[in-house]
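Shown below: query17.cif, with mmCIF, C-alpha atoms.
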data_model
#
loop_
_atom_site.label_atom_id
_atom_site.label_comp_id
_atom_site.auth_asym_id
_atom_site.auth_seq_id
_atom_site.Cartn_x
_atom_site.Cartn_y
_atom_site.Cartn_z
CA ARG M 1 164.47 101.57 145.23
CA VAL M 2 167.10 104.17 146.01
CA LEU M 3 167.13 106.93 143.42
CA ARG M 4 169.58 109.76 142.98
CA CYS M 5 168.00 113.18 143.37
CA PHE M 6 168.88 116.86 143.45
CA HIS M 7 169.62 118.07 146.97
CA PRO M 8 169.21 120.69 148.22
CA ARG M 9 166.34 121.78 145.97
CA PRO M 10 163.48 124.30 146.04
CA ALA M 11 160.47 123.06 147.98
CA SER M 12 157.87 124.30 145.51
CA VAL M 13 157.31 125.89 142.13
CA TRP M 14 156.78 129.28 143.79
CA ALA M 15 160.00 128.94 145.81
CA MET M 16 161.85 128.17 142.59
CA PHE M 17 160.54 131.34 140.96
CA ILE M 18 160.89 133.68 143.92
CA ALA M 19 164.56 132.70 144.34
CA SER M 20 165.20 134.19 140.89
CA VAL M 21 163.24 137.31 141.86
CA THR M 22 165.52 137.71 144.88
CA ARG M 23 168.71 137.16 142.87
CA THR M 24 167.91 139.29 139.81
CA PRO M 25 164.78 141.40 140.41
CA ASP M 26 165.46 143.78 137.51
CA ALA M 27 166.38 141.15 134.93
CA GLU M 28 163.96 140.61 132.03
CA ALA M 29 161.69 137.65 132.75
CA VAL M 30 159.00 137.82 130.06
CA VAL M 31 158.85 139.41 126.60
CA ALA M 32 155.57 139.40 124.66
CA ASP M 33 155.46 141.69 121.63
CA GLU M 34 156.17 145.17 123.04
CA LEU M 35 155.62 144.09 126.65
CA ARG M 36 158.73 143.50 128.76
CA LEU M 37 158.41 142.38 132.38
CA SER M 38 161.17 142.10 134.95
CA PHE M 39 161.22 139.37 137.58
CA ALA M 40 160.11 141.90 140.20
CA GLN M 41 157.19 143.02 138.01
CA CYS M 42 156.11 139.41 137.39
CA ALA M 43 156.20 138.70 141.12
CA ALA M 44 154.22 141.84 141.95
CA SER M 45 151.53 140.98 139.37
CA ALA M 46 151.31 137.40 140.64
CA GLU M 47 150.96 138.61 144.25
CA ARG M 48 148.18 141.07 143.33
CA LEU M 49 146.33 138.44 141.32
CA ALA M 50 146.73 135.90 144.12
CA GLY M 51 145.15 138.41 146.52
CA SER M 52 142.22 139.00 144.18
CA LEU M 53 141.68 135.29 143.58
CA ALA M 54 141.78 134.62 147.32
CA ALA M 55 139.15 137.35 147.82
CA HIS M 56 136.97 135.37 145.39
CA GLY M 57 137.40 132.19 147.42
CA ILE M 58 140.25 130.48 145.55
CA GLY M 59 142.70 128.78 147.87
CA ARG M 60 145.07 125.93 148.46
CA GLY M 61 144.22 122.76 146.58
CA ASP M 62 141.53 124.34 144.38
CA ARG M 63 141.67 123.34 140.72
CA VAL M 64 141.67 126.25 138.26
CA VAL M 65 141.48 125.58 134.51
CA MET M 66 143.74 127.79 132.34
CA PHE M 67 142.24 127.99 128.84
CA ILE M 68 144.71 130.64 127.67
CA ASP M 69 146.80 130.87 124.50
CA ASN M 70 150.48 131.82 124.45
CA ARG M 71 150.54 135.26 126.08
CA ALA M 72 152.09 136.96 129.10
CA GLU M 73 148.90 136.49 131.11
CA PHE M 74 149.37 132.71 131.02
CA ILE M 75 152.56 133.10 133.03
CA THR M 76 151.02 135.58 135.48
CA VAL M 77 148.03 133.31 136.17
CA LEU M 78 150.26 130.26 136.56
CA LEU M 79 152.47 132.05 139.10
CA ALA M 80 149.50 133.45 141.03
CA LEU M 81 148.02 129.97 141.41
CA GLN M 82 151.36 128.62 142.61
CA ARG M 83 151.58 131.49 145.12
CA LEU M 84 148.21 130.41 146.57
CA GLY M 85 148.94 126.70 146.55
CA ALA M 86 146.08 126.20 144.07
CA ILE M 87 146.37 123.63 141.30
CA ALA M 88 146.73 124.88 137.72
CA VAL M 89 144.99 122.87 135.00
CA PRO M 90 146.31 124.17 131.65
CA VAL M 91 144.25 123.09 128.65
CA GLY M 92 145.25 123.54 125.00
CA VAL M 93 143.17 126.15 123.19
CA ARG M 94 142.27 123.70 120.42
CA GLU M 95 140.01 121.88 122.91
CA GLN M 96 136.31 122.23 122.10
CA ARG M 97 133.45 122.78 124.51
CA PRO M 98 132.58 119.12 125.24
CA GLY M 99 136.21 118.27 126.05
CA LEU M 100 136.67 121.41 128.14
CA ALA M 101 133.50 120.61 130.08
CA TYR M 102 134.67 117.05 130.69
CA ILE M 103 138.06 118.21 132.01
CA ALA M 104 136.52 120.86 134.28
CA ARG M 105 134.02 118.36 135.63
CA GLN M 106 136.47 115.48 136.00
CA CYS M 107 139.04 117.44 138.01
CA GLY M 108 136.42 119.34 140.03
CA ALA M 109 137.59 122.76 138.84
CA VAL M 110 136.09 125.68 140.78
CA ALA M 111 137.33 128.39 138.40
CA ILE M 112 138.45 128.92 134.83
CA VAL M 113 140.54 131.64 133.19
CA VAL M 114 139.78 131.90 129.48
CA ASP M 115 140.87 134.00 126.53
CA GLY M 116 137.97 136.33 125.81
CA SER M 117 137.87 135.16 122.18
CA LEU M 118 137.32 131.57 123.36
CA ALA M 119 134.56 132.31 125.89
CA ASN M 120 131.90 130.74 123.66
CA ARG M 121 133.42 127.36 124.52
CA LEU M 122 132.90 127.77 128.27
CA PRO M 123 130.75 125.01 129.80
CA ASP M 124 127.54 126.06 131.52
CA ALA M 125 126.48 125.13 135.06
CA GLY M 126 124.84 121.94 133.86
CA GLU M 127 128.06 120.75 132.24
CA ALA M 128 130.44 121.62 135.11
CA ALA M 129 128.55 122.26 138.32
CA ASP M 130 131.57 123.16 140.49
CA LEU M 131 132.75 125.91 138.13
CA ARG M 132 131.70 128.96 140.15
CA LEU M 133 134.22 131.58 138.96
CA ARG M 134 134.83 132.57 135.33
CA ILE M 135 137.61 135.00 134.46
CA SER M 136 138.43 136.27 130.99
CA VAL M 137 141.56 137.76 129.46
CA GLY M 138 139.75 140.62 127.77
CA THR M 139 136.04 141.20 128.15
CA ALA M 140 133.59 138.33 127.72
CA PRO M 141 129.92 137.87 128.74
CA GLY M 142 129.46 136.37 132.19
CA CYS M 143 133.15 136.65 133.09
CA ILE M 144 135.21 138.84 135.39
CA ASP M 145 137.89 140.74 133.47
CA LEU M 146 141.38 139.60 134.48
CA ALA M 147 142.64 143.20 134.17
CA GLY M 148 140.39 144.23 137.05
CA LEU M 149 141.74 141.45 139.26
CA LEU M 150 145.32 142.43 138.41
CA ALA M 151 144.53 145.98 139.51
CA GLY M 152 143.08 144.82 142.84
CA ASP M 153 144.48 145.80 146.21
CA HIS M 154 143.72 142.64 148.19
CA ALA M 155 146.75 141.32 150.08
CA PRO M 156 147.49 137.68 149.31
CA PRO M 157 147.11 135.19 152.17
CA PRO M 158 150.18 133.97 154.07
CA LEU M 159 152.46 131.80 151.96
CA PRO M 160 151.52 128.13 152.47
CA GLU M 161 154.05 125.69 153.90
CA PHE M 162 154.26 123.55 150.81
CA GLU M 163 154.74 119.80 150.87
CA GLU M 164 156.82 118.52 147.94
CA ALA M 165 154.29 115.77 147.32
CA GLU M 166 151.40 118.22 146.87
CA VAL M 167 149.98 118.49 143.36
CA ALA M 168 150.91 121.75 141.62
CA VAL M 169 149.63 121.13 138.08
CA ILE M 170 147.27 118.69 136.35
CA LEU M 171 147.94 118.11 132.65
CA TYR M 172 145.40 116.17 130.62
CA THR M 173 146.32 113.68 127.91
CA SER M 174 144.90 114.10 124.42
CA GLY M 175 142.34 111.34 124.92
CA THR M 176 143.01 109.66 121.58
CA THR M 177 142.21 106.20 123.01
CA GLY M 178 139.40 107.26 125.35
CA SER M 179 138.61 110.08 127.74
CA PRO M 180 141.53 112.38 128.63
CA LYS M 181 143.46 111.35 131.75
CA GLY M 182 144.68 113.93 134.24
CA ALA M 183 148.39 113.52 135.03
CA MET M 184 149.04 114.99 138.47
CA LEU M 185 152.42 116.76 138.67
CA THR M 186 153.68 117.42 142.19
CA HIS M 187 156.01 120.23 143.18
CA ARG M 188 158.78 117.62 143.44
CA ASN M 189 158.03 116.34 139.92
CA ILE M 190 158.25 119.80 138.41
CA VAL M 191 161.27 120.99 140.40
CA HIS M 192 163.23 117.86 139.50
CA SER M 193 162.34 118.20 135.80
CA VAL M 194 163.44 121.84 135.80
CA LEU M 195 166.72 120.99 137.52
CA HIS M 196 167.36 118.29 134.92
CA TYR M 197 166.83 120.81 132.10
CA GLN M 198 169.18 123.23 133.83
CA ALA M 199 171.88 120.60 134.33
CA CYS M 200 171.65 118.85 130.95
CA MET M 201 171.24 121.96 128.79
CA GLY M 202 173.55 124.19 130.78
CA LEU M 203 170.86 126.84 131.28
CA LYS M 204 171.97 129.98 133.11
CA ALA M 205 170.91 133.51 133.99
CA GLY M 206 170.52 135.72 130.94
CA ASP M 207 169.59 132.88 128.58
CA ARG M 208 166.54 133.44 126.39
CA ALA M 209 164.08 130.90 125.01
CA ALA M 210 161.23 131.31 122.51
CA LEU M 211 157.96 129.88 123.75
CA ALA M 212 156.90 128.61 120.32
CA VAL M 213 155.11 125.47 121.54
CA PRO M 214 151.80 125.74 123.43
CA ALA M 215 152.27 127.08 126.97
CA SER M 216 149.71 124.50 128.10
CA HIS M 217 151.88 121.59 126.90
CA VAL M 218 154.42 120.03 129.26
CA THR M 219 157.25 121.20 126.97
CA GLY M 220 156.15 124.82 127.01
CA LEU M 221 155.20 124.78 130.67
CA ILE M 222 158.27 123.09 132.14
CA ALA M 223 161.07 123.00 129.55
CA VAL M 224 160.59 126.66 128.59
CA ILE M 225 158.58 128.74 131.09
CA LEU M 226 159.54 127.27 134.45
CA SER M 227 163.09 126.28 133.48
CA LEU M 228 163.93 129.78 132.23
CA LEU M 229 162.27 131.50 135.19
CA HIS M 230 164.22 129.22 137.54
CA VAL M 231 167.64 130.10 136.13
CA GLY M 232 166.91 133.81 135.75
CA GLY M 233 166.45 133.70 131.99
CA THR M 234 163.88 135.27 129.69
CA VAL M 235 160.76 133.69 128.18
CA VAL M 236 160.03 135.23 124.77
CA VAL M 237 156.37 134.49 124.07
CA VAL M 238 155.51 133.52 120.48
CA PRO M 239 151.71 133.98 120.16
CA ALA M 240 151.29 131.42 117.35
CA PHE M 241 153.85 129.42 115.42
CA LYS M 242 154.46 130.81 111.94
CA ALA M 243 157.81 129.93 110.41
CA ASP M 244 158.73 133.37 109.00
CA SER M 245 157.98 135.37 112.14
CA PHE M 246 159.51 132.68 114.38
CA ILE M 247 162.81 132.71 112.48
#
What does the file become when written as structure tokens?
Amino acid sequence: RVLRCFHPRPASVWAMFIASVTRTPDAEAVVADELRLSFAQCAASAERLAGSLAAHGIGRGDRVVMFIDNRAEFITVLLALQRLGAIAVPVGVREQRPGLAYIARQCGAVAIVVDGSLANRLPDAGEAADLRLRISVGTAPGCIDLAGLLAGDHAPPPLPEFEEAEVAVILYTSGTTGSPKGAMLTHRNIVHSVLHYQACMGLKAGDRAALAVPASHVTGLIAVILSLLHVGGTVVVVPAFKADSFI
């Protein structure tokens, strides 16, 4: 089949983001409570974290589970993984330990980043043998504190020459009719989806969107976070959906 496509287009998720950094470095990219981050600040944090993760052996093609609620750190971790060419595996924070262990084991995850308050759900070595690195947002037993990695001074490795068909993200289904299935989203998949949102919704620089759905869901991840970062807009993080505060 011959299909219409966007051309030219960014070659990767990281390329899509860094183009906005180049265009509008001082524009507001992320708002979370009192925290306000510019595009340049987001890029700098992602580069530092990518360097620290690389120093711990995380590299291109490695699967890293993101068990993080709606918060600014979700976006930083996502961008750092894309900078490395690693594969992000976002998992909704309602998932319980058996399901989290299954996902980590099934995708062969080598690392997990977890909210400190959810660390009691982390699988042990017997449940997910490949999971060698555990990072927490906030302190948690047996985990490296993300804040320390963000403060690291390790230079990130050279930027990979991305192939559009490489997997960037794995999203798992809810598993209502059996075990969850991992949907592999390539850079091309994600870039095309973002460009569709931009074209159909008329998104532009300076637009703002509330991240009121889970960041780990395809809607939060692509329709809100990556679409707004692509156009030079602002992601306003809503920690948990409550009607009064949302309105």
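Within the 8 Å cut-off around Asp145 (chain M), using all atoms listed in the file and omitting residues fewer than 5 positions from it on the same chain, the listed residues are Ile135, Ser136, Val137, Gly138, Thr139 and Ala140 of chain M.
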Open item on the list: If the PyMOL selection byres ((chain M and resi 49) around 9) were run on this exact file, what residues would it hold? Put them as a count of residues only.
Closed with: 21
Open item on the list: Using all atoms listed in the file for the distances, tell me which of M:Ala19, M:Leu35, M:Ile222, M:Pro158 is nearest to Val237 (chain M).
Closed with: M:Leu35
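Here CA of Ala111 (chain M) stands at a distance of 24.7 Å from CA of Val213 (chain M).
Among the candidate residues M:Arg1, M:Leu159, M:Ile144, M:Ala72, the one lying nearest to Gly59 (chain M) is M:Leu159, with distances computed using all atoms listed in the file.
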Task: Output check: residues returned by the PyMOL selection byres ((chain M and resi 180-187) around 10), as a PyMOL selection string - done: chain M and resi 10-16+82+87-89+99+102-103+106-107+162-179+188-193
TODO: State, in Å with one decimal place, the distance from CA of Arg60 (chain M) to CA of Val110 (chain M).
DONE: 11.8 Å
- [ ] Using the chain letters and numbers from the file, give me the residues hit by the PyMOL selection byres ((chain M and resi 236) around 10), as a PyMOL selection string.
- [x] chain M and resi 28-33+36+71-72+208-212+224-225+233-235+237-239
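Interatomic distance, CA of Gln198 (chain M) against CA of Leu228 (chain M): 8.5 Å.
Remark: for Val93 (chain M), the closest of the candidate residues M:Pro141, M:Pro25, M:Gly116, M:Gly206 is M:Gly116 (distances computed over only C-alpha atoms).
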Open item on the list: Neighbouring residues of Arg121 (chain M) were defined as those with any atom within 8 Å, considering all atoms listed in the file; residues of the same chain fewer than 6 positions away were excluded. Please report them as a PyMOL selection string.
Closed with: chain M and resi 96-97+100
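In this comparison, which uses only C-alpha atoms, the residue of M:Pro90, M:Gly142, M:Pro157, M:Gly148 approaching Gly220 (chain M) most closely is M:Pro90.
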TODO: Fewer than 5 positions away in the same chain doesn't count, so skip those; otherwise give me all residues within 12 Å of Met201 (chain M), counting only C-alpha atoms, as number ranges by chain.
DONE: M: 193-196, 207, 223-224, 227-228, 231
Exercise on region 82-90 of chain M, axis-aligned box with 8 Å per side, report centre and edge lengths in Å to one decimal, as lines of an AutoDock Vina configuration file:
center_x = 148.3
center_y = 127.2
center_z = 139.1
size_x = 22.6
size_y = 24.6
size_z = 30.9
